[in-house]
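Chemist: Can you keep this structure in mind? I'll have questions shortly.
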Amino acid sequence: MHTFELIFKGNVQGVGFRYHVYQCALKSQVKGFVKNLNDGTVKAIVQTTENSIDYFIDEVFNTPYRLIKIDKIDINEITPTETYQDFSIHY
């Protein structure tokens, strides 16, 4: 199991992006959470197999929502601080 921190940059707040990421996580069967950050970016912590992270990211980029525009994504593998049982949206 791998844990990744993803920071999404672009038009990703106030456009349904966290819900979209949540739906992609359910489809990709990854665990973790997604939340808005104060600087206008969105952070996701994702636990999955290494191969599944690519599928998850492809799903996130393939959005049907016209207002979502991802300019950049920073991906870092991190040491997990906990094991997630599901995927959630943090408010």
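Order determines the names: the first chain of the structure tokens is A, the second B, and so forth; residues in each chain are numbered 1 upward, and ligands are numbered 1 upward as they are shown.
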Determine, counting only C-alpha atoms, which protein, DNA and RNA residues have an atom within 8 Å of an atom of range 19-35 of chain A; residues of the same chain fewer than 3 positions away are not included. Present the result as a list in words.

Modeler: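 The neighbour list is Gly16, Val42, Lys43, Ala44, Ile45, Val46, Gln47, Thr48, Ser52, Tyr55, Phe56, Glu59, Val60, Thr63, Tyr84, Gln85, Asp86, Phe87, Ser88, Ile89, His90 and Tyr91 of chain A.
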
Chemist: Given the selection you just returned, output its residues as a file containing C-alpha atoms, formatted as a PDB file, in the first residue's frame.

Modeler:
ATOM      1  CA  GLY A  16     -17.610  20.832  -7.489  1.00  0.00           C
ATOM      2  CA  VAL A  42      -7.137  21.308  -3.209  1.00  0.00           C
ATOM      3  CA  LYS A  43      -5.285  18.589  -1.308  1.00  0.00           C
ATOM      4  CA  ALA A  44      -5.991  14.887  -1.484  1.00  0.00           C
ATOM      5  CA  ILE A  45      -4.385  12.135   0.558  1.00  0.00           C
ATOM      6  CA  VAL A  46      -4.756   8.877  -1.332  1.00  0.00           C
ATOM      7  CA  GLN A  47      -3.878   5.344  -0.237  1.00  0.00           C
ATOM      8  CA  THR A  48      -3.705   2.801  -3.019  1.00  0.00           C
ATOM      9  CA  SER A  52      -4.011   2.431  -9.107  1.00  0.00           C
ATOM     10  CA  TYR A  55      -5.853   5.278 -12.937  1.00  0.00           C
ATOM     11  CA  PHE A  56      -7.200   7.595 -10.225  1.00  0.00           C
ATOM     12  CA  GLU A  59     -10.096   9.754 -13.849  1.00  0.00           C
ATOM     13  CA  VAL A  60      -9.691  13.095 -12.056  1.00  0.00           C
ATOM     14  CA  THR A  63     -13.769  15.525 -15.740  1.00  0.00           C
ATOM     15  CA  TYR A  84      -7.994   4.999   5.798  1.00  0.00           C
ATOM     16  CA  GLN A  85     -11.010   2.719   5.502  1.00  0.00           C
ATOM     17  CA  ASP A  86     -12.878   4.826   2.930  1.00  0.00           C
ATOM     18  CA  PHE A  87     -12.650   8.105   1.006  1.00  0.00           C
ATOM     19  CA  SER A  88     -14.204  11.290   2.354  1.00  0.00           C
ATOM     20  CA  ILE A  89     -14.584  14.992   1.703  1.00  0.00           C
ATOM     21  CA  HIS A  90     -13.258  17.205   4.504  1.00  0.00           C
ATOM     22  CA  TYR A  91     -14.922  20.583   4.973  1.00  0.00           C
TER      23      TYR A  91
END

Chemist: May I have the residues within 10 Å of Val12 in chain A as a list in words, using only C-alpha atoms and disregarding those fewer than 2 positions away in the same chain?

Modeler: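 Contacts, in chain order: Phe8, Lys9, Gly10, Gly14, Val15, Gly16, Phe17, Arg18, Asn36, Gly40, Thr41, Val42, Leu67, Ile68, Lys69, Ile70 and Asp71 of chain A.
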
Chemist: Mind the document's chain letters and residue numbers, and return as a ChimeraX atom specification the residues of chain A that DSSP labels alpha helix (DSSP H).

Modeler: /A:17-28,50-61

Chemist: Compile the contact shell of Asp74 in chain A as a PyMOL selection string: residues with an atom at most 8 Å away, counting only C-alpha atoms, same-chain residues fewer than 3 positions apart removed.

Modeler: chain A and resi 5-8

Chemist: CA of Glu50 in chain A and CA of Ile78 in chain A, how far apart in Å?

Modeler: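 Distance reported for this atom pair: 12.4 Å.
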
Chemist: Where does DSSP see strand (DSSP E) in chain A, if you list the residues as number ranges by chain?

Modeler: A: 2-11, 31-36, 42-48, 69-78, 87-90

Chemist: Between CA of His2 in chain A and CA of Pro80 in chain A, what is the spacing in Å?

Modeler: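 If I compute the distance from CA of Pro80 in chain A to CA of His2 in chain A, I get 8.1 Å.
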
Chemist: Could you please determine the separation between CA of Gln13 in chain A and CA of Asp39 in chain A in Å, to one decimal place?

Modeler: 10.1 Å
